[in-house]
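**Student:** Next comes structure.cif, mmCIF, C-alpha atoms, pLDDT in the B column; chains and numbers go by the auth columns:
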data_entry
loop_
_atom_site.group_PDB
_atom_site.id
_atom_site.type_symbol
_atom_site.label_atom_id
_atom_site.label_comp_id
_atom_site.label_asym_id
_atom_site.label_seq_id
_atom_site.Cartn_x
_atom_site.Cartn_y
_atom_site.Cartn_z
_atom_site.B_iso_or_equiv
_atom_site.auth_seq_id
_atom_site.auth_asym_id
ATOM 1 C CA MET A 1 -15.318 12.427 -1.245 60.00 22 H
ATOM 2 C CA ALA A 2 -13.721 12.061 2.178 66.00 23 H
ATOM 3 C CA GLU A 3 -12.986 15.065 4.349 68.00 24 H
ATOM 4 C CA VAL A 4 -9.251 15.777 4.608 69.00 25 H
ATOM 5 C CA LYS A 5 -8.620 15.463 8.319 91.00 26 H
ATOM 6 C CA TYR A 6 -5.146 13.994 8.573 97.00 27 H
ATOM 7 C CA HIS A 7 -1.821 15.609 7.851 97.00 28 H
ATOM 8 C CA LYS A 8 0.279 12.581 6.918 98.00 29 H
ATOM 9 C CA GLY A 9 -0.963 9.236 5.600 98.00 30 H
ATOM 10 C CA PHE A 10 0.800 5.987 4.731 98.00 31 H
ATOM 11 C CA THR A 11 0.057 2.969 2.607 97.00 32 H
ATOM 12 C CA VAL A 12 2.243 0.183 1.320 96.00 33 H
ATOM 13 C CA GLY A 13 2.210 -2.368 -1.472 94.00 34 H
ATOM 14 C CA THR A 14 4.122 -4.145 -4.166 94.00 35 H
ATOM 15 C CA PHE A 15 2.414 -2.220 -6.986 95.00 36 H
ATOM 16 C CA ASP A 16 3.525 -4.819 -9.531 92.00 37 H
ATOM 17 C CA LEU A 17 1.628 -4.701 -12.834 88.00 38 H
ATOM 18 C CA PHE A 18 0.091 -1.349 -11.842 90.00 39 H
ATOM 19 C CA HIS A 19 -3.689 -1.437 -12.371 88.00 40 H
ATOM 20 C CA ILE A 20 -6.890 0.460 -11.572 92.00 41 H
ATOM 21 C CA GLY A 21 -7.142 -1.077 -8.092 91.00 42 H
ATOM 22 C CA HIS A 22 -3.785 0.457 -7.209 93.00 43 H
ATOM 23 C CA LEU A 23 -4.871 3.830 -8.576 96.00 44 H
ATOM 24 C CA ASN A 24 -8.157 3.672 -6.656 96.00 45 H
ATOM 25 C CA LEU A 25 -6.320 2.951 -3.395 96.00 46 H
ATOM 26 C CA LEU A 26 -3.957 5.888 -3.861 97.00 47 H
ATOM 27 C CA ARG A 27 -6.716 8.280 -4.949 97.00 48 H
ATOM 28 C CA GLN A 28 -8.953 7.365 -2.022 96.00 49 H
ATOM 29 C CA ALA A 29 -6.105 7.548 0.496 97.00 50 H
ATOM 30 C CA LYS A 30 -5.129 11.026 -0.684 97.00 51 H
ATOM 31 C CA GLU A 31 -8.691 12.227 -0.078 96.00 52 H
ATOM 32 C CA TYR A 32 -8.075 11.752 3.652 97.00 53 H
ATOM 33 C CA CYS A 33 -4.676 13.370 4.038 97.00 54 H
ATOM 34 C CA GLU A 34 -2.618 16.355 3.000 97.00 55 H
ATOM 35 C CA TYR A 35 0.582 14.342 2.456 98.00 56 H
ATOM 36 C CA LEU A 36 0.629 10.710 1.304 98.00 57 H
ATOM 37 C CA ILE A 37 3.660 8.465 1.765 98.00 58 H
ATOM 38 C CA VAL A 38 3.639 5.217 -0.190 98.00 59 H
ATOM 39 C CA GLY A 39 5.914 2.328 0.712 97.00 60 H
ATOM 40 C CA VAL A 40 6.844 0.169 -2.269 98.00 61 H
ATOM 41 C CA HIS A 41 8.088 -3.314 -1.389 96.00 62 H
ATOM 42 C CA SER A 42 11.678 -4.034 -2.398 97.00 63 H
ATOM 43 C CA ASP A 43 12.438 -6.843 -4.835 96.00 64 H
ATOM 44 C CA GLU A 44 13.977 -8.841 -1.988 96.00 65 H
ATOM 45 C CA TRP A 45 10.866 -8.396 0.193 93.00 66 H
ATOM 46 C CA VAL A 46 8.590 -9.538 -2.636 93.00 67 H
ATOM 47 C CA LEU A 47 10.661 -12.652 -3.317 95.00 68 H
ATOM 48 C CA HIS A 48 10.968 -13.536 0.369 93.00 69 H
ATOM 49 C CA CYS A 49 7.350 -12.874 1.357 88.00 70 H
ATOM 50 C CA LYS A 50 5.446 -13.806 -1.779 88.00 71 H
ATOM 51 C CA GLY A 51 7.700 -16.610 -2.944 91.00 72 H
ATOM 52 C CA HIS A 52 8.110 -15.244 -6.460 89.00 73 H
ATOM 53 C CA PRO A 53 9.856 -12.230 -7.923 93.00 74 H
ATOM 54 C CA ALA A 54 8.033 -9.080 -8.930 92.00 75 H
ATOM 55 C CA ILE A 55 7.621 -8.807 -12.683 92.00 76 H
ATOM 56 C CA ILE A 56 8.539 -5.118 -12.662 94.00 77 H
ATOM 57 C CA PRO A 57 11.818 -4.261 -10.844 97.00 78 H
ATOM 58 C CA TYR A 58 11.625 -2.146 -7.686 97.00 79 H
ATOM 59 C CA GLN A 59 12.994 1.099 -9.140 98.00 80 H
ATOM 60 C CA GLU A 60 10.518 1.032 -12.025 97.00 81 H
ATOM 61 C CA ARG A 61 7.611 0.289 -9.660 97.00 82 H
ATOM 62 C CA ALA A 62 8.754 3.125 -7.376 98.00 83 H
ATOM 63 C CA ASP A 63 9.039 5.508 -10.348 98.00 84 H
ATOM 64 C CA ILE A 64 5.539 4.586 -11.543 97.00 85 H
ATOM 65 C CA VAL A 65 4.033 5.163 -8.081 98.00 86 H
ATOM 66 C CA ALA A 66 5.976 8.414 -7.644 98.00 87 H
ATOM 67 C CA SER A 67 4.509 9.733 -10.895 98.00 88 H
ATOM 68 C CA ILE A 68 0.931 9.428 -9.598 98.00 89 H
ATOM 69 C CA ARG A 69 -0.367 12.869 -8.635 98.00 90 H
ATOM 70 C CA TYR A 70 -1.899 11.610 -5.381 98.00 91 H
ATOM 71 C CA VAL A 71 1.487 10.467 -4.065 98.00 92 H
ATOM 72 C CA ASP A 72 3.739 12.916 -2.246 98.00 93 H
ATOM 73 C CA GLU A 73 6.593 10.592 -1.305 98.00 94 H
ATOM 74 C CA VAL A 74 7.712 7.055 -2.146 98.00 95 H
ATOM 75 C CA VAL A 75 9.847 5.041 0.259 98.00 96 H
ATOM 76 C CA LYS A 76 11.340 1.570 -0.038 97.00 97 H
ATOM 77 C CA ASN A 77 9.598 -0.940 2.196 95.00 98 H
ATOM 78 C CA GLU A 78 11.454 -3.995 3.457 93.00 99 H
ATOM 79 C CA SER A 79 9.443 -4.868 6.566 87.00 100 H
ATOM 80 C CA TYR A 80 6.072 -6.288 7.578 84.00 101 H
ATOM 81 C CA SER A 81 6.033 -3.933 10.551 89.00 102 H
ATOM 82 C CA LYS A 82 3.772 -0.922 10.154 93.00 103 H
ATOM 83 C CA ARG A 83 4.938 0.190 13.603 94.00 104 H
ATOM 84 C CA GLU A 84 8.490 0.348 12.228 95.00 105 H
ATOM 85 C CA ALA A 85 7.186 2.452 9.330 96.00 106 H
ATOM 86 C CA TRP A 86 5.388 4.687 11.836 97.00 107 H
ATOM 87 C CA ASN A 87 8.623 5.086 13.834 96.00 108 H
ATOM 88 C CA ASN A 88 10.349 6.251 10.642 96.00 109 H
ATOM 89 C CA PHE A 89 7.643 8.506 9.176 97.00 110 H
ATOM 90 C CA ARG A 90 5.247 9.457 12.025 97.00 111 H
ATOM 91 C CA PHE A 91 2.072 9.313 9.938 98.00 112 H
ATOM 92 C CA ASP A 92 -1.364 10.020 11.411 97.00 113 H
ATOM 93 C CA VAL A 93 -3.252 7.386 9.453 98.00 114 H
ATOM 94 C CA ALA A 94 -2.522 4.145 7.615 97.00 115 H
ATOM 95 C CA PHE A 95 -4.589 2.910 4.672 97.00 116 H
ATOM 96 C CA ILE A 96 -5.284 -0.629 3.525 93.00 117 H
ATOM 97 C CA GLY A 97 -7.886 -2.309 1.335 91.00 118 H
ATOM 98 C CA ASP A 98 -11.021 -3.428 3.150 92.00 119 H
ATOM 99 C CA ASP A 99 -10.387 -7.009 2.035 88.00 120 H
ATOM 100 C CA TRP A 100 -7.887 -7.092 4.957 89.00 121 H
ATOM 101 C CA LYS A 101 -10.394 -5.840 7.553 94.00 122 H
ATOM 102 C CA GLY A 102 -10.933 -8.263 10.414 94.00 123 H
ATOM 103 C CA THR A 103 -7.902 -10.428 9.597 94.00 124 H
ATOM 104 C CA ASP A 104 -5.626 -11.438 12.452 95.00 125 H
ATOM 105 C CA VAL A 105 -2.705 -9.634 10.806 92.00 126 H
ATOM 106 C CA TRP A 106 -4.502 -6.302 10.462 93.00 127 H
ATOM 107 C CA ASN A 107 -6.246 -6.547 13.830 95.00 128 H
ATOM 108 C CA GLN A 108 -2.736 -6.724 15.343 95.00 129 H
ATOM 109 C CA ILE A 109 -1.405 -3.890 13.162 95.00 130 H
ATOM 110 C CA GLU A 110 -4.417 -1.734 13.993 95.00 131 H
ATOM 111 C CA SER A 111 -3.858 -2.312 17.709 96.00 132 H
ATOM 112 C CA GLU A 112 -0.141 -1.438 17.439 96.00 133 H
ATOM 113 C CA LEU A 113 -0.842 1.749 15.502 97.00 134 H
ATOM 114 C CA GLN A 114 -3.704 2.875 17.719 96.00 135 H
ATOM 115 C CA ALA A 115 -1.350 2.586 20.702 97.00 136 H
ATOM 116 C CA VAL A 116 0.694 5.444 19.193 97.00 137 H
ATOM 117 C CA GLY A 117 -2.347 7.501 18.187 96.00 138 H
ATOM 118 C CA CYS A 118 -2.421 6.451 14.535 97.00 139 H
ATOM 119 C CA ASP A 119 -5.722 5.576 12.883 97.00 140 H
ATOM 120 C CA VAL A 120 -6.292 2.835 10.302 97.00 141 H
ATOM 121 C CA ILE A 121 -8.739 3.381 7.461 96.00 142 H
ATOM 122 C CA TYR A 122 -9.926 0.461 5.354 96.00 143 H
ATOM 123 C CA LEU A 123 -10.610 1.594 1.797 95.00 144 H
ATOM 124 C CA PRO A 124 -12.934 -0.204 -0.623 92.00 145 H
ATOM 125 C CA HIS A 125 -11.112 -2.958 -2.492 87.00 146 H
ATOM 126 C CA THR A 126 -11.550 -2.832 -6.276 78.00 147 H
ATOM 127 C CA SER A 127 -13.076 -6.191 -7.100 71.00 148 H
ATOM 128 C CA GLY A 128 -12.195 -8.155 -10.198 65.00 149 H
ATOM 129 C CA ILE A 129 -8.595 -6.975 -10.491 60.00 150 H
ATOM 130 C CA SER A 130 -5.328 -7.809 -8.767 58.00 151 H
ATOM 131 C CA SER A 131 -1.712 -8.266 -9.751 56.00 152 H
ATOM 132 C CA THR A 132 -2.091 -11.963 -8.899 62.00 153 H
ATOM 133 C CA GLU A 133 -5.013 -12.267 -11.332 62.00 154 H
ATOM 134 C CA LEU A 134 -3.080 -10.387 -14.021 56.00 155 H
ATOM 135 C CA ARG A 135 -0.029 -12.597 -13.477 58.00 156 H
ATOM 136 C CA HIS A 136 -2.220 -15.702 -13.813 63.00 157 H
ATOM 137 C CA LYS A 137 -3.829 -14.386 -17.019 58.00 158 H
ATOM 138 C CA LEU A 138 -0.436 -13.648 -18.516 61.00 159 H
ATOM 139 C CA GLN A 139 0.828 -17.136 -17.678 67.00 160 H
ATOM 140 C CA THR A 140 -2.208 -18.924 -19.097 70.00 161 H
ATOM 141 C CA GLU A 141 -2.464 -16.836 -22.265 62.00 162 H
ATOM 142 C CA VAL A 142 1.178 -17.203 -23.299 54.00 163 H
#
Would you kindly transcribe this structure into structure tokens?

**Tutor:**
Amino acid sequence: MAEVKYHKGFTVGTFDLFHIGHLNLLRQAKEYCEYLIVGVHSDEWVLHCKGHPAIIPYQERADIVASIRYVDEVVKNESYSKREAWNNFRFDVAFIGDDWKGTDVWNQIESELQAVGCDVIYLPHTSGISSTELRHKLQTEV
């Protein structure tokens, strides 16, 4: 178990077809902070950025995430910019799955956040499960 050393943490995701990987991310993030804010991507963001609609509508996804005991606050996310999120919520640490570590996108985000004194923690990705994999299974088994 991680030592709680941050006051406010932030993570973001679509959280479509909620699964154990999502729960693991939220549980692990909460171990590091007293207060966890979770951004849930809007339906418009999902369609624009992923090229397909979410299966579960935004409000239902937000309600599911809000019901998780590790989550203190849910906010609608409509931006790629973690710096914009930081400007709005002033969190001390941002969390992301370690499958993003070393990518150009997250190297840039990490640099932007570190410039304002915010740490980035890469949490272990739960292998073998993703909303994309679940979506594919559902499409091939129907």

**Student:** Restricting the calculation to all atoms listed in the file: of H:Tyr56, H:Thr124, H:Asp64, H:Gly42, which residue gets closest to Ile76 in chain H?

**Tutor:**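 Answer, going by the shortest atom-to-atom distance: H:Asp64.
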
**Student:** Report, in Å to a single decimal, how far apart CA of Tyr91 in chain H and CA of Leu47 in chain H are.

**Tutor:**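 Between these atoms lies a distance of 6.3 Å.
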
**Student:** My list of candidates is H:Leu38, H:Ser102, H:Asp93, H:Leu68. Which is closest to Val126 in chain H when distances are computed with all atoms listed in the file?

**Tutor:**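 Distance minimum relative to Val126 in chain H lands on H:Ser102.
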
**Student:** Starting from the shown file, work through the PyMOL selection byres ((chain H and resi 147) around 10) and note down what comes out as a short mmCIF file (atom, residue, chain, number, x, y, z; two decimals) with C-alpha atoms, keeping the file's coordinate frame.

**Tutor:**
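selection06.cif was written with the following content:
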data_model
loop_
_atom_site.label_atom_id
_atom_site.label_comp_id
_atom_site.auth_asym_id
_atom_site.auth_seq_id
_atom_site.Cartn_x
_atom_site.Cartn_y
_atom_site.Cartn_z
CA ILE H 41 -6.89 0.46 -11.57
CA GLY H 42 -7.14 -1.08 -8.09
CA HIS H 43 -3.78 0.46 -7.21
CA LEU H 44 -4.87 3.83 -8.58
CA ASN H 45 -8.16 3.67 -6.66
CA LEU H 46 -6.32 2.95 -3.40
CA GLY H 118 -7.89 -2.31 1.34
CA ASP H 119 -11.02 -3.43 3.15
CA ASP H 120 -10.39 -7.01 2.04
CA LEU H 144 -10.61 1.59 1.80
CA PRO H 145 -12.93 -0.20 -0.62
CA HIS H 146 -11.11 -2.96 -2.49
CA SER H 148 -13.08 -6.19 -7.10
CA GLY H 149 -12.20 -8.15 -10.20
CA ILE H 150 -8.60 -6.98 -10.49
CA SER H 151 -5.33 -7.81 -8.77
#

**Student:** So that I can check the surroundings of Tyr27 in chain H, please list as a PDB file with C-alpha atoms, in the frame of the given file every protein, DNA and RNA residue that reaches within 7 Å of it, counting all atoms listed in the file and ignoring chain neighbours fewer than 4 positions away.

**Tutor:**
ATOM      1  CA  TYR H  53      -8.075  11.752   3.652  1.00 97.00           C
ATOM      2  CA  CYS H  54      -4.676  13.370   4.038  1.00 97.00           C
ATOM      3  CA  GLU H  55      -2.618  16.355   3.000  1.00 97.00           C
ATOM      4  CA  ASP H 113      -1.364  10.020  11.411  1.00 97.00           C
ATOM      5  CA  VAL H 114      -3.252   7.386   9.453  1.00 98.00           C
TER       6      VAL H 114
END

**Student:** Tell me, as a PyMOL selection string, which residues lie within 8 Å of Ala50 in chain H, counting all atoms listed in the file; anything in the same chain fewer than 5 positions away does not count.

**Tutor:** chain H and resi 30+32+57+116+144

**Student:** Here is a test: counting only C-alpha atoms, which residue of H:Val95, H:Ile89, H:Val137, H:Ile142 is nearest to Trp121 in chain H?

**Tutor:**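 Using only C-alpha atoms, the shortest distance to Trp121 in chain H belongs to H:Ile142.
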
**Student:** In Å, how far is it from CA of Val33 in chain H to CA of Val61 in chain H?

**Tutor:**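 Interatomic distance here is 5.8 Å.
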
**Student:** Between CA of Tyr79 in chain H and CA of Trp127 in chain H, what is the spacing in Å?

**Tutor:**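 Rounded to one decimal, the two atoms are 24.6 Å apart.
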
**Student:** Looking at H:Ala75, H:Gly34, H:Gln129, H:Phe112, which one is nearest to Lys97 in chain H, with distances taken over all atoms listed in the file?

**Tutor:** H:Gly34

**Student:** If I put a ball of radius 12 Å at (-1.5, 8.3, 18.6) in the file's coordinates, which residues poke into it when counting all atoms listed in the file, written as number ranges by chain?

**Tutor:** H: 104, 107-108, 111-115, 131-141

**Student:** Emit the selected residues as a compact mmCIF listing (two decimals), in the frame of the given file, including C-alpha atoms.

**Tutor:**
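Saved result, again33.txt, follows:
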# COMPACT_ATOMS: atom_id res chain seq x y z
CA ARG H 104 4.94 0.19 13.60
CA TRP H 107 5.39 4.69 11.84
CA ASN H 108 8.62 5.09 13.83
CA ARG H 111 5.25 9.46 12.02
CA PHE H 112 2.07 9.31 9.94
CA ASP H 113 -1.36 10.02 11.41
CA VAL H 114 -3.25 7.39 9.45
CA ALA H 115 -2.52 4.14 7.62
CA GLU H 131 -4.42 -1.73 13.99
CA SER H 132 -3.86 -2.31 17.71
CA GLU H 133 -0.14 -1.44 17.44
CA LEU H 134 -0.84 1.75 15.50
CA GLN H 135 -3.70 2.88 17.72
CA ALA H 136 -1.35 2.59 20.70
CA VAL H 137 0.69 5.44 19.19
CA GLY H 138 -2.35 7.50 18.19
CA CYS H 139 -2.42 6.45 14.54
CA ASP H 140 -5.72 5.58 12.88
CA VAL H 141 -6.29 2.84 10.30

**Student:** Please define a box with edges along x, y and z of the file around all atoms of range 101-119 of chain H given in the file, extend it by 5 Å on each side, and return its centre and edge lengths in Å to one decimal, as AutoDock Vina command-line options.

**Tutor:**
--center_x -0.3 --center_y 1.9 --center_z 7.6 --size_x 31.4 --size_y 26.3 --size_z 22.5

**Student:** May I ask which of the residues H:Trp66, H:Tyr101, H:Phe39, H:Phe110 is the closest one to Ala83 in chain H, counting all atoms listed in the file?

**Tutor:**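 Ranking H:Trp66, H:Tyr101, H:Phe39, H:Phe110 by distance to Ala83 in chain H, first place goes to H:Phe39.
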
**Student:** Taking into account only C-alpha atoms, which residue in the set H:Glu81, H:Lys51, H:Gly72, H:Glu65 is nearest to Asp37 in chain H?

**Tutor:** H:Glu81
